[in-house]
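For reference, the structure discussed in these notes is given below.
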Amino acid sequence: MKKEEMIPGRRALLRLAACLGAAVTTRVFFPGEARAPGASAAPVAAAGPPAAGPPAGVARNPAAYRLRPMTDDAPSGLRTPPPVREKPFRELPQVGHAVVLTFDDGPDPRYTPDILGTLRAHDVRAMFFVCGEMASYHRDLLRRMAADGHVVGNHTWSHPQLPQLTRSAIRKEMERTSELIEDTVGAPPVWFRAPYGAWNRDSFEIGAELGMEPLAWTVDTLDWTTPGTDKIVKAVRDGAGPGVVVLSHDAGGNREQSVAALRRYLPELIAEGYGVGVPHP
């Protein structure tokens with residue numbers, strides 16, 4: 001897995017974008033060794049052909065496509081936290097012949113609505129790892145994600161390098177974002193992703209305490225470098241495979257290429273028989 005490289009001023013770009021927009025077998029294959037026992041995760045369903053979930057135009061339960069890792073059988077409020085991982089998930093083989101599309105750093109009113117529109121047009125679900133700071137300005141987009149059956153994940157509040165923060169600061173970044181998501185869509189996030197792919201023990205421990213599983217990626221489209229729409233499409237097409245997790249972005253800079261690339265590679269993946277998988281309870 002490639003880490004995203006640190007881009008000077010990226011946090012400033014996220015803040016600027018926020019201001020400008022304001023006026024997913026039956027057994028989970030866990031990476032590494034868990035330091036606390038847990039039951040099996042719930043199975044995962046793929047969207048796409050055959051389509052998962054209600055047909056387009058039918059009202060969706062906002063939480064209908066959320067995975068509750070290792071806790072789905074427990075009564076609400078009594079679910080045990082997931083085990084503390086030593087590595088993040090890099091792929092999700094339990095989704096079968098499906099690709100998992102993920103989008104980071106948003107929501108951004110300039111690009112997120114177009115991405116949501118394209119996903120809705122093909123009746124597929126994706127995962128959005130949102131930054132709390134951005135989400136605080138655009139709660140309507142979080143509600144739209146949840147209403148369309150997408151998984152809303154935690155990408156911290158301000159997109160920092162977590163290993164450079166104190167444990168209390170990491171908790172604040174993650175907890176604050178989880179609270180905002182729950183307050184907005186009615187359910188807390190159950191997946192989190194560390195900015196820049198920079199994980200440490202504290203982030204794994206705190207994530208588990210907050211009821212979240214860590215998800216990295218298999219394919220980095222490098223769309224954040226604006227390499228051109230053709231290169232983004234090629235990265236997805238070349239890397240596509242069962243359980244592959246694709247990293248893209250819907251914020252944090254100019255994402256016109258990401259939007260255009262999705263419009264091209266999504267119907268191509270579906271035509272080739274791939275589903276587009278999301279975690280399913």
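Within each chain, counting starts at residue 1; across the structure tokens, chains are named A, B, ... in the order shown, with ligands numbered 1 upward in that order.
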
Might you pull out every residue within 9 Å of Leu180 of chain A, with only C-alpha atoms counted and same-chain residues fewer than 6 positions away left off, and present them as a short mmCIF file (atom, residue, chain, number, x, y, z; two decimals) with N, CA, C and O atoms, in the first residue's frame?
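Everything below was put into part_32.cif:
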data_model
loop_
_atom_site.label_atom_id
_atom_site.label_comp_id
_atom_site.auth_asym_id
_atom_site.auth_seq_id
_atom_site.Cartn_x
_atom_site.Cartn_y
_atom_site.Cartn_z
N GLY A 132 -14.32 15.76 9.73
CA GLY A 132 -15.34 16.44 10.51
C GLY A 132 -15.44 17.92 10.23
O GLY A 132 -16.54 18.49 10.20
N ALA A 135 -17.35 18.24 7.10
CA ALA A 135 -18.72 17.77 7.31
C ALA A 135 -19.53 18.76 8.13
O ALA A 135 -20.75 18.89 7.93
N SER A 136 -18.89 19.46 9.03
CA SER A 136 -19.61 20.41 9.87
C SER A 136 -20.25 21.52 9.05
O SER A 136 -21.27 22.09 9.45
N ARG A 139 -23.49 19.28 6.35
CA ARG A 139 -24.22 18.14 6.92
C ARG A 139 -25.26 17.61 5.96
O ARG A 139 -25.62 16.42 6.00
N PRO A 188 -23.37 6.16 14.53
CA PRO A 188 -21.94 6.47 14.53
C PRO A 188 -21.21 5.71 13.42
O PRO A 188 -21.70 4.68 12.96
#

Give me, as JSON lines, the closest atom pair and its distance (Å, one decimal) for every residue of segment 197-228 of chain A within a cut-off of 12 Å of segment 146-160 of chain A, counting only C-alpha atoms, rows sorted by chain and rising number.
{"residue": "A:Gly197", "atom": "CA", "partner": "A:His155", "partner_atom": "CA", "distance": 10.3}
{"residue": "A:Ala198", "atom": "CA", "partner": "A:Pro160", "partner_atom": "CA", "distance": 9.3}
{"residue": "A:Trp199", "atom": "CA", "partner": "A:Pro160", "partner_atom": "CA", "distance": 11.2}
{"residue": "A:Ser203", "atom": "CA", "partner": "A:Thr156", "partner_atom": "CA", "distance": 10.3}
{"residue": "A:Ile206", "atom": "CA", "partner": "A:Thr156", "partner_atom": "CA", "distance": 11.8}
{"residue": "A:Gly207", "atom": "CA", "partner": "A:Asn154", "partner_atom": "CA", "distance": 9.3}
{"residue": "A:Leu210", "atom": "CA", "partner": "A:Asn154", "partner_atom": "CA", "distance": 10.5}
{"residue": "A:Gly211", "atom": "CA", "partner": "A:Asn154", "partner_atom": "CA", "distance": 11.1}
{"residue": "A:Met212", "atom": "CA", "partner": "A:Asn154", "partner_atom": "CA", "distance": 8.5}
{"residue": "A:Glu213", "atom": "CA", "partner": "A:Gly153", "partner_atom": "CA", "distance": 9.7}
{"residue": "A:Pro214", "atom": "CA", "partner": "A:Asn154", "partner_atom": "CA", "distance": 9.5}
{"residue": "A:Leu215", "atom": "CA", "partner": "A:Gly153", "partner_atom": "CA", "distance": 9.4}
{"residue": "A:Ala216", "atom": "CA", "partner": "A:His155", "partner_atom": "CA", "distance": 11.1}

Go ahead and save the residues from that selection, with N, CA and C atoms, as a PDB file, in the first residue's frame.
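Wrote selection_0.pdb, looks like this:
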ATOM      1  N   GLY A 197      -2.636   7.584   5.426  1.00  0.00           N
ATOM      2  CA  GLY A 197      -2.333   6.190   5.719  1.00  0.00           C
ATOM      3  C   GLY A 197      -1.348   6.052   6.859  1.00  0.00           C
ATOM      4  N   ALA A 198      -1.286   7.065   7.725  1.00  0.00           N
ATOM      5  CA  ALA A 198      -0.325   7.086   8.833  1.00  0.00           C
ATOM      6  C   ALA A 198      -0.997   6.576  10.106  1.00  0.00           C
ATOM      7  N   TRP A 199      -0.802   5.278  10.402  1.00  0.00           N
ATOM      8  CA  TRP A 199      -1.427   4.635  11.556  1.00  0.00           C
ATOM      9  C   TRP A 199      -0.423   4.477  12.684  1.00  0.00           C
ATOM     10  N   SER A 203      -3.990   5.182  17.423  1.00  0.00           N
ATOM     11  CA  SER A 203      -5.129   5.305  16.503  1.00  0.00           C
ATOM     12  C   SER A 203      -5.915   4.014  16.432  1.00  0.00           C
ATOM     13  N   ILE A 206      -7.802   3.684  19.963  1.00  0.00           N
ATOM     14  CA  ILE A 206      -8.899   4.648  20.097  1.00  0.00           C
ATOM     15  C   ILE A 206     -10.010   4.335  19.112  1.00  0.00           C
ATOM     16  N   GLY A 207      -9.639   3.949  17.892  1.00  0.00           N
ATOM     17  CA  GLY A 207     -10.643   3.574  16.904  1.00  0.00           C
ATOM     18  C   GLY A 207     -11.511   2.434  17.406  1.00  0.00           C
ATOM     19  N   LEU A 210     -13.925   3.407  20.045  1.00  0.00           N
ATOM     20  CA  LEU A 210     -15.051   4.147  19.478  1.00  0.00           C
ATOM     21  C   LEU A 210     -15.924   3.266  18.586  1.00  0.00           C
ATOM     22  N   GLY A 211     -15.609   1.945  18.517  1.00  0.00           N
ATOM     23  CA  GLY A 211     -16.422   1.007  17.751  1.00  0.00           C
ATOM     24  C   GLY A 211     -16.145   0.980  16.269  1.00  0.00           C
ATOM     25  N   MET A 212     -14.932   1.370  15.882  1.00  0.00           N
ATOM     26  CA  MET A 212     -14.613   1.440  14.455  1.00  0.00           C
ATOM     27  C   MET A 212     -13.487   0.492  14.062  1.00  0.00           C
ATOM     28  N   GLU A 213     -13.575  -0.012  12.826  1.00  0.00           N
ATOM     29  CA  GLU A 213     -12.531  -0.838  12.236  1.00  0.00           C
ATOM     30  C   GLU A 213     -11.680   0.022  11.289  1.00  0.00           C
ATOM     31  N   PRO A 214     -10.377  -0.244  11.200  1.00  0.00           N
ATOM     32  CA  PRO A 214      -9.495   0.536  10.331  1.00  0.00           C
ATOM     33  C   PRO A 214      -9.462  -0.004   8.909  1.00  0.00           C
ATOM     34  N   LEU A 215      -9.666   0.874   7.945  1.00  0.00           N
ATOM     35  CA  LEU A 215      -9.614   0.471   6.534  1.00  0.00           C
ATOM     36  C   LEU A 215      -8.608   1.318   5.779  1.00  0.00           C
ATOM     37  N   ALA A 216      -7.674   0.650   5.117  1.00  0.00           N
ATOM     38  CA  ALA A 216      -6.711   1.327   4.256  1.00  0.00           C
ATOM     39  C   ALA A 216      -7.186   1.179   2.820  1.00  0.00           C
TER      40      ALA A 216
END

Kindly provide the residues of segment 100-208 of chain A that approach segment 272-277 of chain A to within 10 Å, each paired with its closest atom pair and their distance in Å to one decimal, based on only C-alpha atoms, listed by chain and increasing number, as a Markdown table.
| residue | atom | partner | partner_atom | distance |
| --- | --- | --- | --- | --- |
| A:Val100 | CA | A:Gly277 | CA | 5.0 |
| A:Leu101 | CA | A:Val276 | CA | 7.0 |
| A:Leu119 | CA | A:Val276 | CA | 9.7 |
| A:His122 | CA | A:Val276 | CA | 9.9 |
| A:Asp123 | CA | A:Val276 | CA | 9.5 |
| A:Val124 | CA | A:Val276 | CA | 6.2 |
| A:Arg125 | CA | A:Val276 | CA | 6.7 |
| A:Ala126 | CA | A:Gly277 | CA | 7.1 |
| A:Met127 | CA | A:Gly277 | CA | 9.2 |

Quiz prompt | Nearest-residue call for Pro82 of chain A, choices A:Leu162, A:Leu247, A:Ala208, A:Ile270, using only C-alpha atoms | solution =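 Ranking A:Leu162, A:Leu247, A:Ala208, A:Ile270 by distance to Pro82 of chain A, first place goes to A:Ala208.
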
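Of the listed residues (A:Asp104, A:Asp223, A:Glu173, A:Glu91), A:Asp223 comes nearest to Arg255 of chain A; the distances count only C-alpha atoms.
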
Practice problem: Point out the residue among A:Thr218, A:Thr80, A:Ser168, A:Ser178 with the least atom-to-atom distance to Ala240 of chain A, counting only C-alpha atoms. | Solution: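 So, comparing all the options, the nearest one is A:Thr218.
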
Quiz item: Please, which residues of segment 120-236 of chain A, numbered as in this document, come out helix (DSSP H, G or I) from DSSP, as a PyMOL selection string?
Solution: chain A and resi 120-121+132-137+139-147+162-164+167-185+195-197+201-209+223-225+229-236

Practice problem: Return the single residue from A:Ala260, A:Val190, A:Leu269, A:Val278 that is closest to Asp114 of chain A, with distances computed using only C-alpha atoms. | Solution: A:Ala260

Quiz prompt | Distance criterion (only C-alpha atoms): nearest to Val130 of chain A out of A:Pro227, A:Pro81, A:Gly96, A:Pro195 | solution =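 Using only C-alpha atoms, the shortest distance to Val130 of chain A belongs to A:Pro195.
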
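Atom CA of Gln161 of chain A is positioned 7.0 Å from atom CA of Tyr196 of chain A.
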
Practice problem: Determine the nearest neighbour of Leu141 of chain A from the options A:Pro163, A:Trp224, A:Val245, A:Pro109, counting only C-alpha atoms. | Solution: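 Among the listed residues, the smallest separation from Leu141 of chain A belongs to A:Pro109.
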
Exercise. Give me the residues within 8 Å of segment 234-238 of chain A as a PyMOL selection string, counting only C-alpha atoms and dropping any in the same chain fewer than 2 places off.
Key: chain A and resi 219-221+230-232+240+246+265+269

How would the residues just chosen look if you wrote them out with all heavy atoms as a short mmCIF file (atom, residue, chain, number, x, y, z; two decimals), in the first residue's frame?
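What follows is the written file selection.cif:
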data_model
loop_
_atom_site.label_atom_id
_atom_site.label_comp_id
_atom_site.auth_asym_id
_atom_site.auth_seq_id
_atom_site.Cartn_x
_atom_site.Cartn_y
_atom_site.Cartn_z
N VAL A 219 -5.71 -0.06 -3.96
CA VAL A 219 -5.33 0.72 -5.14
C VAL A 219 -5.41 2.21 -4.82
O VAL A 219 -6.46 2.70 -4.41
CB VAL A 219 -6.24 0.41 -6.34
CG1 VAL A 219 -5.92 1.33 -7.52
CG2 VAL A 219 -6.11 -1.05 -6.74
N ASP A 220 -4.31 2.91 -4.98
CA ASP A 220 -4.29 4.36 -4.83
C ASP A 220 -4.33 4.97 -6.23
O ASP A 220 -3.41 4.78 -7.02
CB ASP A 220 -3.01 4.80 -4.11
CG ASP A 220 -3.00 6.27 -3.76
OD1 ASP A 220 -3.87 7.02 -4.26
OD2 ASP A 220 -2.12 6.69 -2.98
N THR A 221 -5.41 5.65 -6.53
CA THR A 221 -5.53 6.25 -7.86
C THR A 221 -4.61 7.45 -8.03
O THR A 221 -4.42 7.92 -9.15
CB THR A 221 -6.97 6.74 -8.11
OG1 THR A 221 -7.29 7.78 -7.18
CG2 THR A 221 -7.96 5.58 -7.98
N ASP A 230 -7.42 10.09 -17.64
CA ASP A 230 -7.04 8.81 -18.24
C ASP A 230 -6.21 7.96 -17.26
O ASP A 230 -6.41 6.74 -17.17
CB ASP A 230 -6.23 9.03 -19.51
CG ASP A 230 -7.06 9.57 -20.66
OD1 ASP A 230 -8.30 9.51 -20.56
OD2 ASP A 230 -6.47 10.06 -21.64
N LYS A 231 -5.29 8.58 -16.55
CA LYS A 231 -4.44 7.83 -15.62
C LYS A 231 -5.24 7.32 -14.42
O LYS A 231 -4.97 6.24 -13.90
CB LYS A 231 -3.27 8.69 -15.16
CG LYS A 231 -2.23 8.92 -16.26
CD LYS A 231 -1.00 9.63 -15.72
CE LYS A 231 0.07 9.76 -16.81
NZ LYS A 231 1.29 10.43 -16.30
N ILE A 232 -6.20 8.09 -13.97
CA ILE A 232 -7.04 7.64 -12.86
C ILE A 232 -7.86 6.44 -13.30
O ILE A 232 -7.96 5.43 -12.58
CB ILE A 232 -7.95 8.78 -12.37
CG1 ILE A 232 -7.11 9.94 -11.83
CG2 ILE A 232 -8.92 8.26 -11.30
CD1 ILE A 232 -7.92 11.16 -11.48
N ALA A 240 -8.42 -3.38 -10.57
CA ALA A 240 -9.70 -3.97 -10.21
C ALA A 240 -9.59 -5.47 -9.96
O ALA A 240 -8.89 -6.19 -10.68
CB ALA A 240 -10.74 -3.72 -11.30
N VAL A 246 -10.46 0.74 -3.53
CA VAL A 246 -9.91 1.82 -4.35
C VAL A 246 -9.97 3.14 -3.60
O VAL A 246 -11.03 3.52 -3.09
CB VAL A 246 -10.68 1.94 -5.68
CG1 VAL A 246 -10.13 3.10 -6.52
CG2 VAL A 246 -10.59 0.63 -6.47
N TYR A 265 -15.01 4.91 -15.48
CA TYR A 265 -14.66 3.55 -15.05
C TYR A 265 -15.80 2.80 -14.37
O TYR A 265 -15.85 1.57 -14.42
CB TYR A 265 -13.40 3.53 -14.19
CG TYR A 265 -13.47 4.16 -12.81
CD1 TYR A 265 -14.24 3.62 -11.79
CD2 TYR A 265 -12.70 5.29 -12.52
CE1 TYR A 265 -14.27 4.19 -10.52
CE2 TYR A 265 -12.72 5.87 -11.26
CZ TYR A 265 -13.51 5.31 -10.27
OH TYR A 265 -13.52 5.88 -9.01
N LEU A 269 -16.62 -1.08 -15.20
CA LEU A 269 -16.49 -2.16 -14.21
C LEU A 269 -17.77 -3.00 -14.17
O LEU A 269 -17.73 -4.23 -14.14
CB LEU A 269 -16.21 -1.57 -12.83
CG LEU A 269 -14.84 -0.94 -12.60
CD1 LEU A 269 -14.78 -0.30 -11.21
CD2 LEU A 269 -13.73 -1.98 -12.75
#

Practice problem: Determine which residues of segment 95-189 of chain A DSSP labels as strand (DSSP E) from the backbone of this structure, then write them out as a list in words. | Solution: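 Strand (DSSP E) assignments inside segment 95-189 of chain A correspond to Ala98, Val99, Val100, Leu101, Thr102, Phe103, Asp104, Met127, Phe128, Phe129, Val130, Val151, Val152, Gly153 and Asn154 of chain A.
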
Written selection (N, CA, C and O atoms) as a compact mmCIF listing (two decimals), in the first residue's frame:
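Okay, this is what ended up in part25.txt:
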# COMPACT_ATOMS: atom_id res chain seq x y z
N ALA A 98 -16.44 -8.12 -6.21
CA ALA A 98 -16.82 -6.71 -6.16
C ALA A 98 -15.61 -5.85 -5.85
O ALA A 98 -14.63 -6.30 -5.26
N VAL A 99 -15.71 -4.62 -6.25
CA VAL A 99 -14.70 -3.60 -5.97
C VAL A 99 -15.30 -2.63 -4.96
O VAL A 99 -16.48 -2.31 -5.03
N VAL A 100 -14.50 -2.19 -4.02
CA VAL A 100 -14.96 -1.24 -3.01
C VAL A 100 -14.41 0.15 -3.35
O VAL A 100 -13.20 0.35 -3.37
N LEU A 101 -15.30 1.07 -3.66
CA LEU A 101 -14.89 2.43 -3.98
C LEU A 101 -14.95 3.29 -2.72
O LEU A 101 -15.96 3.30 -2.03
N THR A 102 -13.88 4.00 -2.44
CA THR A 102 -13.85 4.88 -1.28
C THR A 102 -13.41 6.28 -1.69
O THR A 102 -12.58 6.44 -2.59
N PHE A 103 -13.97 7.26 -1.01
CA PHE A 103 -13.66 8.65 -1.30
C PHE A 103 -13.32 9.37 0.00
O PHE A 103 -14.06 9.30 0.98
N ASP A 104 -12.20 10.07 0.01
CA ASP A 104 -11.71 10.73 1.21
C ASP A 104 -11.79 12.25 1.18
O ASP A 104 -11.85 12.86 0.10
N MET A 127 -18.06 4.08 -0.08
CA MET A 127 -17.69 4.50 1.27
C MET A 127 -17.08 5.90 1.20
O MET A 127 -16.22 6.17 0.37
N PHE A 128 -17.53 6.75 2.08
CA PHE A 128 -17.01 8.12 2.15
C PHE A 128 -16.36 8.34 3.51
O PHE A 128 -17.04 8.27 4.54
N PHE A 129 -15.06 8.57 3.50
CA PHE A 129 -14.36 8.87 4.75
C PHE A 129 -14.27 10.39 4.87
O PHE A 129 -13.50 11.05 4.16
N VAL A 130 -15.09 10.92 5.75
CA VAL A 130 -15.24 12.36 5.81
C VAL A 130 -14.40 12.99 6.91
O VAL A 130 -14.13 12.38 7.96
N VAL A 151 -21.70 4.19 2.98
CA VAL A 151 -21.09 4.08 4.31
C VAL A 151 -20.32 5.37 4.59
O VAL A 151 -19.47 5.78 3.80
N VAL A 152 -20.65 6.00 5.70
CA VAL A 152 -19.96 7.22 6.10
C VAL A 152 -18.92 6.86 7.15
O VAL A 152 -19.26 6.40 8.24
N GLY A 153 -17.64 7.04 6.81
CA GLY A 153 -16.56 6.69 7.72
C GLY A 153 -15.87 7.91 8.29
O GLY A 153 -16.06 9.04 7.84
N ASN A 154 -15.04 7.67 9.30
CA ASN A 154 -14.33 8.71 10.03
C ASN A 154 -12.92 8.90 9.47
O ASN A 154 -12.14 7.96 9.40

Practice problem: Would you mind listing what lies within 10 Å of Arg263 of chain A as a PyMOL selection string, with only C-alpha atoms counted and same-chain residues fewer than 2 positions away left out? | Solution: chain A and resi 114-115+117-119+121-122+233+257-261+265-268

Quiz item: Residues at most 9 Å from Arg110 of chain A, counting only C-alpha atoms, excluding those fewer than 2 positions away in the same chain, as a ChimeraX atom specification?
Solution: /A:17,21,107-108,112-114,250-251,254-256

Quiz item: What does the distance between atom CA of Arg85 of chain A and atom CA of Ala194 of chain A come to in Å, to one decimal place?
Solution: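 So the answer is 13.3 Å.
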